[in-house]
Amino acid sequence: MRVEERFLKYVSYWTTSDEENEQIPSSDRQFELAKVLEAELRELGLEKVILTDHCYVYGLLPATKGCESVKAIGFISHMDTAPDYSGENVKPQMIENYDGKDVLLKGSNSYLKVSDFPDLKTLVGKTLITTDGTTLLGADDKAGVAEIMTAIEQIIASGMPHGDIWIGFTPDEEVGHGADLFDLDYFKADFAYTLDGDYEGEVAYENFNAASADFRITGVNVHPGEAKDIMVNAAAVACEIQSRLPEAETPSHTEGREGFYHMIGISGDVASAKLSYIVRDHDKDIFETRLNKLRTLEIEMNQKYGAGTVDLTIHHSYSNMLEVIEKHPYTVQLAKQAIKNVGLEPLSRPVRGGTDGARLSFMGLPCPNLGTGGYGFHGPFEHITVEGMNTAIAVIKELVKLTTEEQ
């Protein structure tokens, strides 16, 4: 099956994860795609294929004869799509021989603009797949899923020699829980790669340190006519907390390795309020300084308005995988060589986010991230090319080849 056929099949499944649900999977609908992938892996003849009760799919393509001593490699992608935008009833548009101009998204009459996405200029002449403007596309990360499945099918069909190849598909990556129940006692790869990113020639091994932070504010609500020296307006305290954070240190003012405080939600009234943030930084020390800034705000607000007014809860999300990957440099060297061998210039940039690979690296599985060829994730301007997906497949196959040759 061609990769674009697989991709269009997979995006037809509604797999949006639910950030309000702490269960794994956070949405039962993710099982629908998981069951399809389980069946396809079995049809391809893989062994140890399993779909767990928590919606993880695993499979093993055993080493060919004579390659049993080759290091076991793994490839991993996530099945869920981001809750930022609708992932239901996706209606892709396929544009052959793309002309490099703005693209009309016919469902919403909006445009995918070259001025907003300059990378479109590099896609001229290729087969472009976009949304119709009413949903996200799901290339994050069903492109990665389709690429892995197609690569495995091609490896089997070609008869190329290889060591053990482990496949893993996870739920809930988009809500930060994709690696929580990943079974490394079952998934016996020596190292692995997630496929979850943009430029198909990218290998990423440096990501944000990340945490979520919630301020819960308890006010004192009395009649405003009798409020002097009594009322504490919880909503106003929330606004004050936000005003005390540096305006320039937000996502809209930062790039590269620059970190930020990102207010993702504010709600409440006089009696109670909630303020939610995600905090990010590539530098571990600066990251801790950011968290301490929030802790200091909690103390200062309680000193000003009374003990118990503000309660701060911080949850660690993931860490910068660089400190792990530096101890396993061959994983990056191998990926860069594979990318060069398929005719691309390798690119490594600090990821302004995180991947399952970051978590898995700290769990003991070195796991850099490879690009899938997709862009504009998490919204209606998401797009990808068939050629980009095919190149990502070529990179996977080249990684398998290089690993086998190193035995």
# chains A, B, ... in the order shown; residues from 1 in each chain; ligands from 1
$ select_by_dssp --residues "segment 137-257 of chain A" --states "strand (DSSP E or B)" --output "NGL selection string"
:A and (165-170 or 191-195 or 202-204 or 207 or 209-218 or 220 or 232)
$ write_last_selection --atoms "C-alpha atoms" --output "PDB file, in the first residue's frame"
ATOM      1  CA  ILE A 165      12.942  -4.170  14.393  1.00  0.00           C
ATOM      2  CA  TRP A 166      10.483  -3.154  17.094  1.00  0.00           C
ATOM      3  CA  ILE A 167       7.408  -1.069  16.329  1.00  0.00           C
ATOM      4  CA  GLY A 168       5.462   0.947  18.911  1.00  0.00           C
ATOM      5  CA  PHE A 169       2.381   3.129  18.608  1.00  0.00           C
ATOM      6  CA  THR A 170       1.325   5.159  21.619  1.00  0.00           C
ATOM      7  CA  PHE A 191      17.729   2.272  20.745  1.00  0.00           C
ATOM      8  CA  ALA A 192      14.826   3.813  18.864  1.00  0.00           C
ATOM      9  CA  TYR A 193      13.519   6.811  16.984  1.00  0.00           C
ATOM     10  CA  THR A 194      10.222   8.596  17.260  1.00  0.00           C
ATOM     11  CA  LEU A 195       8.854   9.911  13.972  1.00  0.00           C
ATOM     12  CA  GLU A 202      15.622  16.522  10.672  1.00  0.00           C
ATOM     13  CA  VAL A 203      17.002  14.611  13.624  1.00  0.00           C
ATOM     14  CA  ALA A 204      16.153  16.256  16.932  1.00  0.00           C
ATOM     15  CA  ASN A 207      13.931  19.621  23.665  1.00  0.00           C
ATOM     16  CA  ASN A 209      12.417  21.009  30.032  1.00  0.00           C
ATOM     17  CA  ALA A 210       8.715  21.283  30.756  1.00  0.00           C
ATOM     18  CA  ALA A 211       6.244  21.633  33.598  1.00  0.00           C
ATOM     19  CA  SER A 212       2.631  22.606  34.105  1.00  0.00           C
ATOM     20  CA  ALA A 213       1.652  25.009  36.872  1.00  0.00           C
ATOM     21  CA  ASP A 214      -1.772  25.799  38.322  1.00  0.00           C
ATOM     22  CA  PHE A 215      -2.587  28.656  40.671  1.00  0.00           C
ATOM     23  CA  ARG A 216      -5.841  28.094  42.584  1.00  0.00           C
ATOM     24  CA  ILE A 217      -7.037  31.266  44.228  1.00  0.00           C
ATOM     25  CA  THR A 218      -9.579  31.491  47.048  1.00  0.00           C
ATOM     26  CA  VAL A 220     -13.373  36.536  50.040  1.00  0.00           C
ATOM     27  CA  VAL A 232     -10.352  39.613  48.220  1.00  0.00           C
TER      28      VAL A 232
END
$ select_by_dssp --residues "segment 158-396 of chain A" --states "alpha helix (DSSP H)" --output "PyMOL selection string"
chain A and resi 158+234-243+284-305+322-325+330-341+356-363+386-396
$ residues_around --residues "Leu128 of chain A" --least-positions-apart "5" --cutoff "6 Å" --atoms "only C-alpha atoms" --output "ChimeraX atom specification"
/A:94-95,384-385
$ residues_around --residues "Ser361 of chain A" --least-positions-apart "6" --cutoff "12 Å" --atoms "only C-alpha atoms" --output "list in words"
Ala179, Phe182, Leu184, Asp190, Phe191, Ala192, Tyr193, Thr194, Tyr205, Glu206, Asn207, Tyr318, Ser319, Asn320, Met321, Leu322, Glu323, Val324, Ile325, Glu326, Lys327, His328, Thr331, Gly354, Thr355, Cys367, Pro368 and Asn369 of chain A
$ residues_around --residues "Tyr56 of chain A" --least-positions-apart "3" --cutoff "12 Å" --atoms "only C-alpha atoms" --output "JSON, numbers by chain"
{"A": [24, 25, 30, 31, 32, 33, 34, 35, 37, 38, 49, 50, 51, 52, 53, 59, 76, 77, 78, 79, 80, 167, 168, 169, 170, 171, 172, 173, 177, 178, 179, 180, 181, 182, 183, 184, 186, 187]}
$ closest_atom_pairs --of "segment 285-388 of chain A" --to "segment 132-139 of chain A" --cutoff "12 Å" --atoms "only C-alpha atoms" --output "Markdown table"
| residue | atom | partner | partner_atom | distance |
| --- | --- | --- | --- | --- |
| A:Gly371 | CA | A:Ala139 | CA | 11.3 |
| A:Thr372 | CA | A:Ala139 | CA | 8.3 |
| A:Gly373 | CA | A:Ala139 | CA | 8.9 |
| A:Gly374 | CA | A:Ala139 | CA | 6.3 |
| A:Tyr375 | CA | A:Ala139 | CA | 8.3 |
| A:Gly376 | CA | A:Leu136 | CA | 9.2 |
| A:Phe377 | CA | A:Ala139 | CA | 7.4 |
| A:His378 | CA | A:Leu136 | CA | 6.1 |
| A:Gly379 | CA | A:Leu136 | CA | 4.7 |
| A:Pro380 | CA | A:Leu136 | CA | 4.5 |
| A:Phe381 | CA | A:Gly133 | CA | 6.9 |
| A:Glu382 | CA | A:Leu137 | CA | 5.8 |
| A:His383 | CA | A:Leu137 | CA | 7.0 |
| A:Ile384 | CA | A:Ala139 | CA | 7.1 |
| A:Thr385 | CA | A:Ala139 | CA | 10.1 |
| A:Val386 | CA | A:Ala139 | CA | 11.4 |
| A:Gly388 | CA | A:Ala139 | CA | 11.6 |
$ closest_atom_pairs --of "segment 79-148 of chain A" --to "segment 15-21 of chain A" --cutoff "8 Å" --atoms "only C-alpha atoms" --output "CSV"
residue,atom,partner,partner_atom,distance
A:Met79,CA,A:Thr15,CA,6.8
A:Asp80,CA,A:Thr15,CA,4.9
A:Thr81,CA,A:Thr16,CA,4.6
A:Ala82,CA,A:Thr16,CA,5.8
A:Pro83,CA,A:Thr16,CA,5.8
A:Ser86,CA,A:Thr16,CA,7.6
A:Gly87,CA,A:Thr16,CA,5.9
A:Glu88,CA,A:Thr16,CA,7.8
$ write_last_selection --atoms "N, CA and C atoms" --output "PDB file, in the first residue's frame"
ATOM      1  N   MET A  79      -0.637   7.831  18.078  1.00  0.00           N
ATOM      2  CA  MET A  79      -1.887   7.713  17.338  1.00  0.00           C
ATOM      3  C   MET A  79      -2.851   8.860  17.583  1.00  0.00           C
ATOM      4  N   ASP A  80      -2.711   9.539  18.713  1.00  0.00           N
ATOM      5  CA  ASP A  80      -3.677  10.595  19.041  1.00  0.00           C
ATOM      6  C   ASP A  80      -3.368  11.880  18.300  1.00  0.00           C
ATOM      7  N   THR A  81      -4.379  12.737  18.194  1.00  0.00           N
ATOM      8  CA  THR A  81      -4.185  14.082  17.659  1.00  0.00           C
ATOM      9  C   THR A  81      -4.496  15.093  18.749  1.00  0.00           C
ATOM     10  N   ALA A  82      -4.020  16.303  18.537  1.00  0.00           N
ATOM     11  CA  ALA A  82      -4.052  17.328  19.576  1.00  0.00           C
ATOM     12  C   ALA A  82      -5.469  17.823  19.855  1.00  0.00           C
ATOM     13  N   PRO A  83      -5.792  18.067  21.137  1.00  0.00           N
ATOM     14  CA  PRO A  83      -7.101  18.607  21.484  1.00  0.00           C
ATOM     15  C   PRO A  83      -7.247  20.098  21.200  1.00  0.00           C
ATOM     16  N   SER A  86     -10.347  20.561  16.272  1.00  0.00           N
ATOM     17  CA  SER A  86     -11.121  19.365  15.957  1.00  0.00           C
ATOM     18  C   SER A  86     -10.334  18.391  15.087  1.00  0.00           C
ATOM     19  N   GLY A  87     -10.405  17.108  15.449  1.00  0.00           N
ATOM     20  CA  GLY A  87      -9.809  16.055  14.644  1.00  0.00           C
ATOM     21  C   GLY A  87     -10.853  15.082  14.135  1.00  0.00           C
ATOM     22  N   GLU A  88     -12.108  15.500  14.170  1.00  0.00           N
ATOM     23  CA  GLU A  88     -13.221  14.651  13.743  1.00  0.00           C
ATOM     24  C   GLU A  88     -13.661  15.011  12.326  1.00  0.00           C
TER      25      GLU A  88
END
$ closest_residue --among "A:Thr131, A:Gln242, A:Asn221, A:Thr391" --to "Gly343 of chain A" --atoms "only C-alpha atoms"
A:Thr391
